[in-house]
file target_18.pdb (PDB, C-alpha atoms)
ATOM      1  CA  MET A1083      11.628 -30.515 -17.799
ATOM      2  CA  PRO A1084      12.832 -27.206 -19.365
ATOM      3  CA  HIS A1085       9.936 -27.444 -21.832
ATOM      4  CA  GLU A1086       7.458 -27.905 -18.973
ATOM      5  CA  THR A1087       8.936 -24.957 -17.079
ATOM      6  CA  ALA A1088       8.705 -22.721 -20.129
ATOM      7  CA  GLY A1089       5.101 -23.783 -20.645
ATOM      8  CA  LEU A1090       4.225 -22.973 -17.038
ATOM      9  CA  GLN A1091       5.877 -19.554 -17.298
ATOM     10  CA  LYS A1092       3.934 -18.816 -20.479
ATOM     11  CA  GLU A1093       0.667 -19.879 -18.812
ATOM     12  CA  ARG A1094       1.349 -17.674 -15.777
ATOM     13  CA  ALA A1095       2.243 -14.721 -17.978
ATOM     14  CA  ALA A1096      -1.229 -14.919 -19.504
ATOM     15  CA  CYS A1097      -2.867 -14.717 -16.036
ATOM     16  CA  ARG A1098      -3.526 -11.641 -13.991
ATOM     17  CA  GLY A1099      -1.333 -10.745 -11.061
ATOM     18  CA  VAL A1100      -2.392 -10.107  -7.465
ATOM     19  CA  LEU A1101      -2.916  -6.797  -5.672
ATOM     20  CA  VAL A1102      -2.025  -6.542  -1.973
ATOM     21  CA  HIS A1103      -3.564  -3.567  -0.165
ATOM     22  CA  LEU A1104      -2.285  -2.393   3.218
ATOM     23  CA  HIS A1105      -4.673  -0.270   5.279
ATOM     24  CA  GLY A1106      -3.745   2.863   7.165
ATOM     25  CA  GLY A1107      -4.150   3.770  10.821
ATOM     26  CA  GLY A1108      -0.764   4.968  12.043
ATOM     27  CA  TRP A1109       0.486   1.366  12.416
ATOM     28  CA  THR A1110      -1.635   1.209  15.597
ATOM     29  CA  ILE A1111      -5.309   1.014  14.600
ATOM     30  CA  GLY A1112      -7.465   0.179  11.597
ATOM     31  CA  GLN A1113      -8.447  -3.005   9.847
ATOM     32  CA  PRO A1114      -8.823  -4.197   6.246
ATOM     33  CA  GLU A1115     -12.608  -3.768   6.344
ATOM     34  CA  SER A1116     -12.201  -0.016   6.855
ATOM     35  CA  GLU A1117     -10.886   0.259   3.288
ATOM     36  CA  THR A1118     -13.316  -2.135   1.662
ATOM     37  CA  PRO A1119     -14.606   0.503  -0.830
ATOM     38  CA  LEU A1120     -11.157   0.970  -2.373
ATOM     39  CA  CYS A1121     -10.439  -2.772  -2.388
ATOM     40  CA  LYS A1122     -13.778  -3.492  -4.071
ATOM     41  CA  PHE A1123     -13.219  -0.723  -6.621
ATOM     42  CA  LEU A1124      -9.796  -2.046  -7.634
ATOM     43  CA  CYS A1125     -11.068  -5.626  -7.623
ATOM     44  CA  GLN A1126     -13.985  -4.806  -9.909
ATOM     45  CA  GLU A1127     -12.121  -2.414 -12.188
ATOM     46  CA  LEU A1128      -9.159  -4.719 -12.689
ATOM     47  CA  GLY A1129     -10.743  -8.138 -12.282
ATOM     48  CA  VAL A1130      -7.940  -9.199  -9.940
ATOM     49  CA  VAL A1131      -7.799 -10.789  -6.525
ATOM     50  CA  VAL A1132      -7.154  -8.159  -3.837
ATOM     51  CA  VAL A1133      -5.452  -9.377  -0.664
ATOM     52  CA  ALA A1134      -5.833  -7.104   2.376
ATOM     53  CA  PRO A1135      -3.952  -8.552   5.369
ATOM     54  CA  ASP A1136      -4.802  -7.547   8.916
ATOM     55  CA  TYR A1137      -1.202  -7.003   9.982
ATOM     56  CA  ARG A1138      -0.057  -6.787  13.576
ATOM     57  CA  LYS A1139      -0.368  -3.402  15.276
ATOM     58  CA  ALA A1140       1.856  -1.354  17.556
ATOM     59  CA  PRO A1141       2.466  -0.822  20.411
ATOM     60  CA  GLU A1142       2.036  -4.525  21.178
ATOM     61  CA  TYR A1143       3.889  -5.368  17.969
ATOM     62  CA  PRO A1144       6.269  -2.501  17.102
ATOM     63  CA  TYR A1145       8.512  -2.256  14.040
ATOM     64  CA  PRO A1146       9.452  -4.488  12.276
ATOM     65  CA  HIS A1147       6.560  -6.882  13.085
ATOM     66  CA  ALA A1148       4.067  -5.478  10.549
ATOM     67  CA  LEU A1149       6.682  -5.196   7.805
ATOM     68  CA  GLU A1150       7.947  -8.747   8.276
ATOM     69  CA  GLN A1151       4.416 -10.131   8.495
ATOM     70  CA  CYS A1152       3.457  -8.412   5.238
ATOM     71  CA  TYR A1153       6.606  -9.810   3.625
ATOM     72  CA  SER A1154       5.445 -13.247   4.754
ATOM     73  CA  VAL A1155       2.132 -12.616   2.999
ATOM     74  CA  LEU A1156       3.963 -11.842  -0.252
ATOM     75  CA  SER A1157       6.082 -14.983   0.166
ATOM     76  CA  TRP A1158       2.931 -17.009   0.837
ATOM     77  CA  ILE A1159       1.405 -15.715  -2.393
ATOM     78  CA  ALA A1160       4.618 -16.338  -4.339
ATOM     79  CA  THR A1161       4.871 -19.953  -3.170
ATOM     80  CA  GLY A1162       1.298 -20.821  -4.150
ATOM     81  CA  GLY A1163      -0.508 -20.378  -0.843
ATOM     82  CA  LEU A1164      -3.126 -18.022  -2.252
ATOM     83  CA  SER A1165      -3.643 -20.232  -5.296
ATOM     84  CA  GLU A1166      -4.361 -23.189  -3.025
ATOM     85  CA  VAL A1167      -6.878 -21.215  -0.953
ATOM     86  CA  LEU A1168      -8.652 -19.984  -4.089
ATOM     87  CA  LYS A1169      -8.758 -23.529  -5.434
ATOM     88  CA  HIS A1170     -10.222 -24.775  -2.158
ATOM     89  CA  HIS A1171     -12.991 -22.190  -2.483
ATOM     90  CA  HIS A1172     -13.669 -23.283  -6.084
ATOM     91  CA  PHE A1173     -12.416 -19.978  -7.480
ATOM     92  CA  ALA A1174     -12.359 -20.474 -11.241
ATOM     93  CA  LYS A1175      -9.848 -17.858 -12.379
ATOM     94  CA  ASP A1176      -6.115 -18.484 -12.443
ATOM     95  CA  ILE A1177      -3.671 -15.981 -11.009
ATOM     96  CA  ASN A1178      -0.015 -15.251 -11.596
ATOM     97  CA  PRO A1179       1.524 -15.436  -8.097
ATOM     98  CA  GLN A1180       4.812 -14.052  -9.372
ATOM     99  CA  LEU A1181       3.229 -10.734 -10.328
ATOM    100  CA  ILE A1182       2.298  -8.681  -7.262
ATOM    101  CA  ALA A1183       1.343  -5.023  -6.919
ATOM    102  CA  LEU A1184       1.163  -3.102  -3.633
ATOM    103  CA  SER A1185      -1.121  -0.285  -2.544
ATOM    104  CA  GLY A1186      -1.763   1.494   0.722
ATOM    105  CA  GLY A1187      -2.785   4.726   2.352
ATOM    106  CA  SER A1188      -0.947   6.720   5.025
ATOM    107  CA  ALA A1189       0.850   4.195   7.277
ATOM    108  CA  GLY A1190      -0.254   1.504   4.831
ATOM    109  CA  SER A1191       1.594   3.281   2.031
ATOM    110  CA  ASN A1192       4.642   3.560   4.284
ATOM    111  CA  LEU A1193       4.505  -0.219   4.662
ATOM    112  CA  ALA A1194       3.933  -0.663   0.924
ATOM    113  CA  ALA A1195       7.006   1.429   0.068
ATOM    114  CA  SER A1196       9.093  -0.265   2.758
ATOM    115  CA  LEU A1197       7.913  -3.674   1.570
ATOM    116  CA  THR A1198       8.936  -2.793  -1.969
ATOM    117  CA  LEU A1199      12.432  -1.952  -0.684
ATOM    118  CA  LEU A1200      12.572  -5.157   1.326
ATOM    119  CA  SER A1201      11.574  -7.254  -1.688
ATOM    120  CA  ILE A1202      14.379  -5.614  -3.676
ATOM    121  CA  ASN A1203      16.999  -6.336  -1.002
ATOM    122  CA  ARG A1204      15.534  -9.711  -0.053
ATOM    123  CA  PRO A1205      14.061 -11.183  -3.257
ATOM    124  CA  LEU A1206      10.769 -13.039  -2.995
ATOM    125  CA  PRO A1207      10.608 -16.810  -3.671
ATOM    126  CA  ASN A1208      10.035 -18.306  -7.115
ATOM    127  CA  GLY A1209      11.101 -15.197  -8.976
ATOM    128  CA  ALA A1210       8.110 -13.190  -7.742
ATOM    129  CA  SER A1211       8.465  -9.429  -7.592
ATOM    130  CA  VAL A1212       6.604  -6.248  -6.780
ATOM    131  CA  ALA A1213       5.460  -5.071 -10.196
ATOM    132  CA  GLY A1214       3.884  -1.775  -9.163
ATOM    133  CA  ALA A1215       3.114   0.443  -6.180
ATOM    134  CA  GLY A1216       0.267   2.844  -5.442
ATOM    135  CA  LEU A1217       0.889   5.193  -2.511
ATOM    136  CA  LEU A1218      -1.964   7.312  -1.156
ATOM    137  CA  TYR A1219      -0.889  10.326   0.981
ATOM    138  CA  PRO A1220       2.161   8.348   2.142
ATOM    139  CA  SER A1221       4.410   8.849   5.128
ATOM    140  CA  LEU A1222       7.884   8.386   3.663
ATOM    141  CA  ASN A1223      10.386  10.370   5.747
ATOM    142  CA  LEU A1224       9.931  10.098   9.485
ATOM    143  CA  ALA A1225      13.251  11.863  10.063
ATOM    144  CA  VAL A1226      11.778  15.265   9.138
ATOM    145  CA  PRO A1227      10.765  17.115  12.353
ATOM    146  CA  TYR A1228       7.048  17.792  12.693
ATOM    147  CA  GLU A1229       7.737  21.500  13.104
ATOM    148  CA  GLU A1230       9.311  21.538   9.646
ATOM    149  CA  LYS A1231       6.408  19.590   8.160
ATOM    150  CA  LEU A1232       3.817  21.897   9.706
ATOM    151  CA  ALA A1233       5.608  25.025   8.451
ATOM    152  CA  ARG A1234       4.599  24.105   4.897
ATOM    153  CA  VAL A1235       0.838  23.893   5.518
ATOM    154  CA  ASP A1236      -2.013  25.582   7.339
ATOM    155  CA  PRO A1237      -1.892  23.910  10.786
ATOM    156  CA  ASN A1238      -5.638  24.386  11.168
ATOM    157  CA  ARG A1239      -6.342  22.136   8.186
ATOM    158  CA  VAL A1240      -4.187  19.118   8.984
ATOM    159  CA  LEU A1241      -4.261  16.203  11.378
ATOM    160  CA  PRO A1242      -3.082  17.156  14.898
ATOM    161  CA  PRO A1243       0.662  16.541  15.271
ATOM    162  CA  TRP A1244       0.165  14.821  18.638
ATOM    163  CA  MET A1245      -1.614  12.001  16.842
ATOM    164  CA  SER A1246       1.281  11.332  14.503
ATOM    165  CA  LYS A1247       3.807  11.602  17.331
ATOM    166  CA  MET A1248       1.843   9.107  19.408
ATOM    167  CA  CYS A1249       1.664   6.638  16.509
ATOM    168  CA  LEU A1250       5.366   6.995  15.754
ATOM    169  CA  LYS A1251       6.314   6.433  19.396
ATOM    170  CA  ALA A1252       4.187   3.274  19.423
ATOM    171  CA  TYR A1253       5.496   1.923  16.114
ATOM    172  CA  LEU A1254       9.135   2.875  16.675
ATOM    173  CA  PRO A1255       9.829   2.999  20.423
ATOM    174  CA  PRO A1256      13.186   4.194  21.779
ATOM    175  CA  PRO A1257      15.909   3.717  20.875
ATOM    176  CA  ARG A1258      14.362   4.640  17.543
ATOM    177  CA  ASP A1259      16.161   5.095  14.248
ATOM    178  CA  VAL A1260      13.936   7.238  12.044
ATOM    179  CA  LYS A1261      16.600   7.152   9.318
ATOM    180  CA  ASP A1262      16.211   3.409   8.811
ATOM    181  CA  PRO A1263      15.113   3.090   5.133
ATOM    182  CA  TYR A1264      12.523   0.485   6.109
ATOM    183  CA  VAL A1265      10.960   3.158   8.335
ATOM    184  CA  SER A1266      11.695   6.135   6.079
ATOM    185  CA  PRO A1267      11.762   4.716   2.513
ATOM    186  CA  ALA A1268      12.634   8.123   1.065
ATOM    187  CA  LEU A1269      16.056   7.793   2.705
ATOM    188  CA  ALA A1270      16.967   4.548   0.941
ATOM    189  CA  PRO A1271      20.103   4.624  -1.256
ATOM    190  CA  ARG A1272      19.419   5.924  -4.756
ATOM    191  CA  ASP A1273      20.804   2.786  -6.379
ATOM    192  CA  VAL A1274      18.156   0.769  -4.530
ATOM    193  CA  LEU A1275      15.375   3.246  -5.269
ATOM    194  CA  ALA A1276      16.333   2.983  -8.941
ATOM    195  CA  LYS A1277      14.995  -0.592  -8.847
ATOM    196  CA  PHE A1278      11.533   0.556  -7.776
ATOM    197  CA  PRO A1279       8.649  -0.602  -9.986
ATOM    198  CA  PRO A1280       6.256   1.853 -11.689
ATOM    199  CA  THR A1281       4.760   3.920  -8.884
ATOM    200  CA  VAL A1282       1.733   6.167  -8.409
ATOM    201  CA  ILE A1283       1.942   8.750  -5.624
ATOM    202  CA  ILE A1284      -1.131  10.689  -4.498
ATOM    203  CA  THR A1285      -0.791  13.697  -2.200
ATOM    204  CA  ALA A1286      -3.229  16.190  -0.655
ATOM    205  CA  ALA A1287      -2.772  19.944  -0.283
ATOM    206  CA  TYR A1288      -3.981  19.936   3.339
ATOM    207  CA  ASP A1289      -1.527  17.307   4.496
ATOM    208  CA  TYR A1290       1.852  17.868   6.120
ATOM    209  CA  LEU A1291       3.047  14.582   4.604
ATOM    210  CA  ALA A1292       2.614  15.917   1.067
ATOM    211  CA  HIS A1293       6.013  17.592   0.707
ATOM    212  CA  GLU A1294       8.095  14.522   1.578
ATOM    213  CA  ALA A1295       6.011  12.385  -0.781
ATOM    214  CA  GLU A1296       6.442  14.903  -3.586
ATOM    215  CA  GLU A1297      10.198  14.984  -2.990
ATOM    216  CA  PHE A1298      10.170  11.191  -3.170
ATOM    217  CA  ALA A1299       8.281  11.323  -6.472
ATOM    218  CA  ALA A1300      10.842  13.802  -7.829
ATOM    219  CA  THR A1301      13.715  11.559  -6.732
ATOM    220  CA  LEU A1302      12.204   8.498  -8.419
ATOM    221  CA  ASN A1303      11.705  10.496 -11.597
ATOM    222  CA  GLU A1304      15.311  11.757 -11.542
ATOM    223  CA  ILE A1305      16.745   8.251 -11.285
ATOM    224  CA  GLY A1306      14.614   6.850 -14.078
ATOM    225  CA  VAL A1307      11.741   5.154 -12.264
ATOM    226  CA  GLN A1308       8.369   5.403 -13.965
ATOM    227  CA  VAL A1309       6.368   7.541 -11.535
ATOM    228  CA  GLU A1310       3.020   9.286 -11.759
ATOM    229  CA  HIS A1311       2.187  11.915  -9.157
ATOM    230  CA  LYS A1312      -0.634  14.329  -8.526
ATOM    231  CA  ARG A1313      -1.354  16.736  -5.682
ATOM    232  CA  PHE A1314      -5.074  17.143  -5.097
ATOM    233  CA  MET A1315      -6.033  20.633  -4.051
ATOM    234  CA  HIS A1316      -8.553  21.596  -1.354
ATOM    235  CA  VAL A1317      -8.507  18.145   0.289
ATOM    236  CA  GLY A1318      -6.683  16.685   3.245
ATOM    237  CA  HIS A1319      -5.128  13.498   4.505
ATOM    238  CA  ALA A1320      -7.298  10.418   3.931
ATOM    239  CA  PHE A1321      -9.662  12.454   1.727
ATOM    240  CA  ASP A1322     -10.900   9.291   0.035
ATOM    241  CA  GLY A1323     -12.277   7.779   3.220
ATOM    242  CA  MET A1324     -12.521  10.321   5.996
ATOM    243  CA  PRO A1325     -15.980  11.938   6.453
ATOM    244  CA  ALA A1326     -16.299  15.674   5.822
ATOM    245  CA  ARG A1327     -18.421  18.129   7.798
ATOM    246  CA  ASN A1328     -19.927  20.118   4.963
ATOM    247  CA  LYS A1329     -21.393  19.365   1.552
ATOM    248  CA  LYS A1330     -18.813  21.335  -0.441
ATOM    249  CA  GLN A1331     -15.936  19.453   1.153
ATOM    250  CA  ARG A1332     -17.663  16.134   0.597
ATOM    251  CA  GLU A1333     -18.017  16.986  -3.099
ATOM    252  CA  LEU A1334     -14.348  17.981  -3.317
ATOM    253  CA  ASN A1335     -13.323  14.763  -1.573
ATOM    254  CA  GLN A1336     -15.484  12.664  -3.865
ATOM    255  CA  GLY A1337     -14.090  14.246  -7.018
ATOM    256  CA  ALA A1338     -10.513  13.759  -5.807
ATOM    257  CA  ARG A1339     -11.249  10.195  -4.720
ATOM    258  CA  GLU A1340     -12.651   9.207  -8.102
ATOM    259  CA  GLU A1341      -9.664  10.623  -9.957
ATOM    260  CA  ALA A1342      -7.065   9.243  -7.541
ATOM    261  CA  TRP A1343      -8.552   5.760  -7.529
ATOM    262  CA  GLY A1344      -8.810   5.898 -11.318
ATOM    263  CA  MET A1345      -5.103   6.753 -11.580
ATOM    264  CA  MET A1346      -4.237   3.752  -9.431
ATOM    265  CA  ALA A1347      -6.509   1.421 -11.412
ATOM    266  CA  ASN A1348      -4.979   2.518 -14.713
ATOM    267  CA  ALA A1349      -1.438   2.057 -13.411
ATOM    268  CA  PHE A1350      -2.165  -1.352 -11.886
ATOM    269  CA  GLY A1351      -3.948  -2.424 -15.053
ATOM    270  CA  ARG A1352      -0.711  -1.943 -16.971
ATOM    271  CA  VAL A1353       1.508  -3.883 -14.566
ATOM    272  CA  LEU A1354      -0.977  -6.645 -13.703
ATOM    273  CA  LYS A1355      -1.822  -7.293 -17.364
ATOM    274  CA  THR A1356      -5.499  -6.312 -17.243
ATOM    275  CA  LYS A1357      -7.725  -3.887 -19.084
ATOM    276  CA  VAL A1358      -9.488  -1.468 -16.758
ATOM    277  CA  GLY A1359     -13.262  -1.823 -16.771
ATOM    278  CA  GLU A1360     -13.271  -4.772 -19.174
ATOM    279  CA  MET A1361     -12.880  -7.638 -16.718
ATOM    280  CA  GLU A1362     -15.597  -9.449 -14.840
ATOM    281  CA  PRO A1363     -15.786  -8.506 -11.142
ATOM    282  CA  THR A1364     -14.018 -10.846  -8.755
ATOM    283  CA  GLY A1365     -16.079 -11.135  -5.599
ATOM    284  CA  LEU A1366     -14.486 -13.814  -3.434
ATOM    285  CA  ARG A1367     -14.041 -12.859   0.213
ATOM    286  CA  LEU A1368     -12.091 -14.859   2.756
ATOM    287  CA  GLY A1369     -12.543 -13.918   6.406
ATOM    288  CA  TYR A1370     -10.825 -15.299   9.479
ATOM    289  CA  GLY A1371     -12.206 -13.328  12.441
ATOM    290  CA  SER A1372      -9.275 -13.297  14.837
ATOM    291  CA  THR A1373      -6.432 -10.836  14.334
ATOM    292  CA  ASP A1374      -4.016 -13.146  16.144
ATOM    293  CA  THR A1375      -1.913 -14.478  13.286
ATOM    294  CA  SER A1376       0.663 -16.305  15.373
ATOM    295  CA  ASN A1377      -0.822 -19.716  14.556
ATOM    296  CA  ARG A1378      -2.279 -18.980  11.124
ATOM    297  CA  ALA A1379      -0.991 -19.122   7.587
ATOM    298  CA  ALA A1380       0.539 -15.815   6.548
ATOM    299  CA  GLY A1381      -2.187 -15.127   4.031
ATOM    300  CA  GLU A1382      -5.241 -15.628   6.202
ATOM    301  CA  GLY A1383      -7.448 -12.657   6.943
ATOM    302  CA  LEU A1384      -8.095 -11.453   3.413
ATOM    303  CA  ILE A1385     -10.561  -9.420   1.441
TER     304      ILE A1385
END
call {"tool": "encode", "arguments": {"input": "target_18.pdb", "output": "structure tokens"}}
result
Amino acid sequence: MPHETAGLQKERAACRGVLVHLHGGGWTIGQPESETPLCKFLCQELGVVVVAPDYRKAPEYPYPHALEQCYSVLSWIATGGLSEVLKHHHFAKDINPQLIALSGGSAGSNLAASLTLLSINRPLPNGASVAGAGLLYPSLNLAVPYEEKLARVDPNRVLPPWMSKMCLKAYLPPPRDVKDPYVSPALAPRDVLAKFPPTVIITAAYDYLAHEAEEFAATLNEIGVQVEHKRFMHVGHAFDGMPARNKKQRELNQGAREEAWGMMANAFGRVLKTKVGEMEPTGLRLGYGSTDTSNRAAGEGLI
């Protein structure tokens, strides 16, 4: 039996891991399909399976519903659920379900960071772990007052504060605890943050979330976590997907998007054991219409 176990571990080590992408939308709106371009890019560049769950939304399902549901998705992957679905669809390539990377933008990156913390404090089944994280313009410290966030940027160039306040009230209704590390990952204890996997953090100059993300990047670096960060100038929140009004801004957004996505692909290529641009595209799509996941397997609703 030990020989068989060692053989299985060696076989899995030779396979590529899985990337789970969590879409943005202030925990209240959005769907996986809205971020199909990024998912397809990472899928094709890395040759890995990208799982994009349609997690439950506030206010109907406030914190911690989305976080716990996404943790269930990781557990489903770790226990072979994804492998079985891929096999059922005659998907030829093997995966390593113990090697999982997380990415997300905005609220999705908040969930990705929080999910990384949760997987550290509540280890995933079968020895699976979060091997890397890619955080696009993340919301990481909800305890910072909006007035303080806005003081660091041009208020005419950022998302309206009322929008963020509305989303926060829906996701974390009273009595809220904005200092909960699973809500504000930047406030997690340093000894826990020290266990973070290699992380890429992307921020935008015209974004009042940039400062807290950059402080988070600095903290990870100080405590020895491998972190790569870049602030992209002349672009705002969600620059890689949000339409721009004029041609110059569209060109700036496109240039930043290409570089930011490239940084994430390179980082994920290292942790998921792939070579960027040298793998065959993986084009399987699994769709399950309804967003009601109460009676479905945790992993259904994937891209």
call {"tool": "axis_aligned_box", "arguments": {"input": "target_18.pdb", "around": "segment 1281-1300 of chain A", "padding_each_side": "5 Å", "output": "lines of an AutoDock Vina configuration file"}}
result
center_x = 3.4
center_y = 11.9
center_z = -1.4
size_x = 24.8
size_y = 26.0
size_z = 25.0
call {"tool": "resolve_selection", "arguments": {"input": "target_18.pdb", "expression": "the PyMOL selection byres ((chain A and resi 1287) around 8)", "output": "list in words"}}
result
Val1235, Thr1285, Ala1286, Tyr1288, Asp1289, Ala1292, Arg1313, Phe1314, Met1315, His1316, Val1317 and Gly1318 of chain A
call {"tool": "resolve_selection", "arguments": {"input": "target_18.pdb", "expression": "the PyMOL selection byres ((chain A and resi 1211) around 12)", "output": "PDB file with C-alpha atoms, in the frame of the given file"}}
result
ATOM      1  CA  GLY A1099      -1.333 -10.745 -11.061  1.00  0.00           C
ATOM      2  CA  VAL A1100      -2.392 -10.107  -7.465  1.00  0.00           C
ATOM      3  CA  LEU A1101      -2.916  -6.797  -5.672  1.00  0.00           C
ATOM      4  CA  TYR A1153       6.606  -9.810   3.625  1.00  0.00           C
ATOM      5  CA  LEU A1156       3.963 -11.842  -0.252  1.00  0.00           C
ATOM      6  CA  SER A1157       6.082 -14.983   0.166  1.00  0.00           C
ATOM      7  CA  ILE A1159       1.405 -15.715  -2.393  1.00  0.00           C
ATOM      8  CA  ALA A1160       4.618 -16.338  -4.339  1.00  0.00           C
ATOM      9  CA  THR A1161       4.871 -19.953  -3.170  1.00  0.00           C
ATOM     10  CA  ASN A1178      -0.015 -15.251 -11.596  1.00  0.00           C
ATOM     11  CA  PRO A1179       1.524 -15.436  -8.097  1.00  0.00           C
ATOM     12  CA  GLN A1180       4.812 -14.052  -9.372  1.00  0.00           C
ATOM     13  CA  LEU A1181       3.229 -10.734 -10.328  1.00  0.00           C
ATOM     14  CA  ILE A1182       2.298  -8.681  -7.262  1.00  0.00           C
ATOM     15  CA  ALA A1183       1.343  -5.023  -6.919  1.00  0.00           C
ATOM     16  CA  LEU A1184       1.163  -3.102  -3.633  1.00  0.00           C
ATOM     17  CA  LEU A1197       7.913  -3.674   1.570  1.00  0.00           C
ATOM     18  CA  THR A1198       8.936  -2.793  -1.969  1.00  0.00           C
ATOM     19  CA  LEU A1199      12.432  -1.952  -0.684  1.00  0.00           C
ATOM     20  CA  LEU A1200      12.572  -5.157   1.326  1.00  0.00           C
ATOM     21  CA  SER A1201      11.574  -7.254  -1.688  1.00  0.00           C
ATOM     22  CA  ILE A1202      14.379  -5.614  -3.676  1.00  0.00           C
ATOM     23  CA  ASN A1203      16.999  -6.336  -1.002  1.00  0.00           C
ATOM     24  CA  ARG A1204      15.534  -9.711  -0.053  1.00  0.00           C
ATOM     25  CA  PRO A1205      14.061 -11.183  -3.257  1.00  0.00           C
ATOM     26  CA  LEU A1206      10.769 -13.039  -2.995  1.00  0.00           C
ATOM     27  CA  PRO A1207      10.608 -16.810  -3.671  1.00  0.00           C
ATOM     28  CA  ASN A1208      10.035 -18.306  -7.115  1.00  0.00           C
ATOM     29  CA  GLY A1209      11.101 -15.197  -8.976  1.00  0.00           C
ATOM     30  CA  ALA A1210       8.110 -13.190  -7.742  1.00  0.00           C
ATOM     31  CA  VAL A1212       6.604  -6.248  -6.780  1.00  0.00           C
ATOM     32  CA  ALA A1213       5.460  -5.071 -10.196  1.00  0.00           C
ATOM     33  CA  GLY A1214       3.884  -1.775  -9.163  1.00  0.00           C
ATOM     34  CA  ALA A1215       3.114   0.443  -6.180  1.00  0.00           C
ATOM     35  CA  LYS A1277      14.995  -0.592  -8.847  1.00  0.00           C
ATOM     36  CA  PHE A1278      11.533   0.556  -7.776  1.00  0.00           C
ATOM     37  CA  PRO A1279       8.649  -0.602  -9.986  1.00  0.00           C
ATOM     38  CA  VAL A1353       1.508  -3.883 -14.566  1.00  0.00           C
ATOM     39  CA  LEU A1354      -0.977  -6.645 -13.703  1.00  0.00           C
TER      40      LEU A1354
END
call {"tool": "closest_residue", "arguments": {"input": "target_18.pdb", "among": "A:Gly1344, A:Pro1271, A:Pro1243, A:Pro1141", "to": "Pro1256 of chain A", "atoms": "only C-alpha atoms"}}
result
A:Pro1141
call {"tool": "resolve_selection", "arguments": {"input": "target_18.pdb", "expression": "the PyMOL selection byres ((chain A and resi 1299) around 8)", "output": "PyMOL selection string"}}
result
chain A and resi 1283+1295-1298+1300-1303+1309-1311
call {"tool": "residues_around", "arguments": {"input": "target_18.pdb", "residues": "segment 1246-1254 of chain A", "least_positions_apart": "3", "cutoff": "6 Å", "atoms": "only C-alpha atoms", "output": "PyMOL selection string"}}
result
chain A and resi 1108+1140-1141+1144-1145+1243+1258
call {"tool": "closest_residue", "arguments": {"input": "target_18.pdb", "among": "A:Ile1284, A:Ala1270, A:Ile1305, A:Ile1177", "to": "Glu1341 of chain A", "atoms": "only C-alpha atoms"}}
result
A:Ile1284
call {"tool": "atom_distance", "arguments": {"input": "target_18.pdb", "atom1": "atom CA of Leu1120 of chain A", "atom2": "atom CA of Tyr1219 of chain A"}}
result
14.3 Å
call {"tool": "atom_distance", "arguments": {"input": "target_18.pdb", "atom1": "atom CA of Leu1222 of chain A", "atom2": "atom CA of Trp1343 of chain A"}}
result
20.1 Å
call {"tool": "atom_distance", "arguments": {"input": "target_18.pdb", "atom1": "atom CA of Leu1334 of chain A", "atom2": "atom CA of Pro1119 of chain A"}}
result
17.7 Å
call {"tool": "closest_residue", "arguments": {"input": "target_18.pdb", "among": "A:Glu1333, A:Asp1322, A:Glu1340, A:Asp1236", "to": "Leu1218 of chain A", "atoms": "only C-alpha atoms"}}
result
A:Asp1322
call {"tool": "residues_around", "arguments": {"input": "target_18.pdb", "residues": "Ala1189 of chain A", "least_positions_apart": "5", "cutoff": "8 Å", "atoms": "all atoms listed in the file", "output": "PyMOL selection string"}}
result
chain A and resi 1105-1109+1220-1221
call {"tool": "write_last_selection", "arguments": {"input": "target_18.pdb", "atoms": "C-alpha atoms", "output": "short mmCIF file (atom, residue, chain, number, x, y, z; two decimals), keeping the file's coordinate frame"}}
result
data_model
loop_
_atom_site.label_atom_id
_atom_site.label_comp_id
_atom_site.auth_asym_id
_atom_site.auth_seq_id
_atom_site.Cartn_x
_atom_site.Cartn_y
_atom_site.Cartn_z
CA HIS A 1105 -4.67 -0.27 5.28
CA GLY A 1106 -3.74 2.86 7.16
CA GLY A 1107 -4.15 3.77 10.82
CA GLY A 1108 -0.76 4.97 12.04
CA TRP A 1109 0.49 1.37 12.42
CA PRO A 1220 2.16 8.35 2.14
CA SER A 1221 4.41 8.85 5.13
#
call {"tool": "residues_near_point", "arguments": {"input": "target_18.pdb", "point": "(-6.0, -3.7, -1.1)", "cutoff": "9 Å", "atoms": "only C-alpha atoms", "output": "list in words"}}
result
Leu1101, Val1102, His1103, Leu1104, His1105, Pro1114, Glu1117, Thr1118, Leu1120, Cys1121, Lys1122, Leu1124, Cys1125, Val1132, Val1133, Ala1134, Pro1135, Leu1184, Ser1185, Gly1186 and Ile1385 of chain A
call {"tool": "build_atoms", "arguments": {"input": "target_18.pdb", "residues": "segment 1250-1255 of chain A", "atoms": "N, CA and C atoms", "output": "PDB file, keeping the file's coordinate frame"}}
result
ATOM      1  N   LEU A1250       3.958   7.267  16.007  1.00  0.00           N
ATOM      2  CA  LEU A1250       5.366   6.995  15.754  1.00  0.00           C
ATOM      3  C   LEU A1250       6.033   6.404  16.984  1.00  0.00           C
ATOM      4  N   LYS A1251       5.720   6.952  18.164  1.00  0.00           N
ATOM      5  CA  LYS A1251       6.314   6.433  19.396  1.00  0.00           C
ATOM      6  C   LYS A1251       5.911   4.982  19.625  1.00  0.00           C
ATOM      7  N   ALA A1252       4.660   4.649  19.254  1.00  0.00           N
ATOM      8  CA  ALA A1252       4.187   3.274  19.423  1.00  0.00           C
ATOM      9  C   ALA A1252       4.847   2.333  18.420  1.00  0.00           C
ATOM     10  N   TYR A1253       4.954   2.776  17.176  1.00  0.00           N
ATOM     11  CA  TYR A1253       5.496   1.923  16.114  1.00  0.00           C
ATOM     12  C   TYR A1253       7.006   1.781  16.222  1.00  0.00           C
ATOM     13  N   LEU A1254       7.670   2.860  16.632  1.00  0.00           N
ATOM     14  CA  LEU A1254       9.135   2.875  16.675  1.00  0.00           C
ATOM     15  C   LEU A1254       9.587   3.387  18.038  1.00  0.00           C
ATOM     16  N   PRO A1255       9.470   2.555  19.071  1.00  0.00           N
ATOM     17  CA  PRO A1255       9.829   2.999  20.423  1.00  0.00           C
ATOM     18  C   PRO A1255      11.331   3.200  20.562  1.00  0.00           C
TER      19      PRO A1255
END
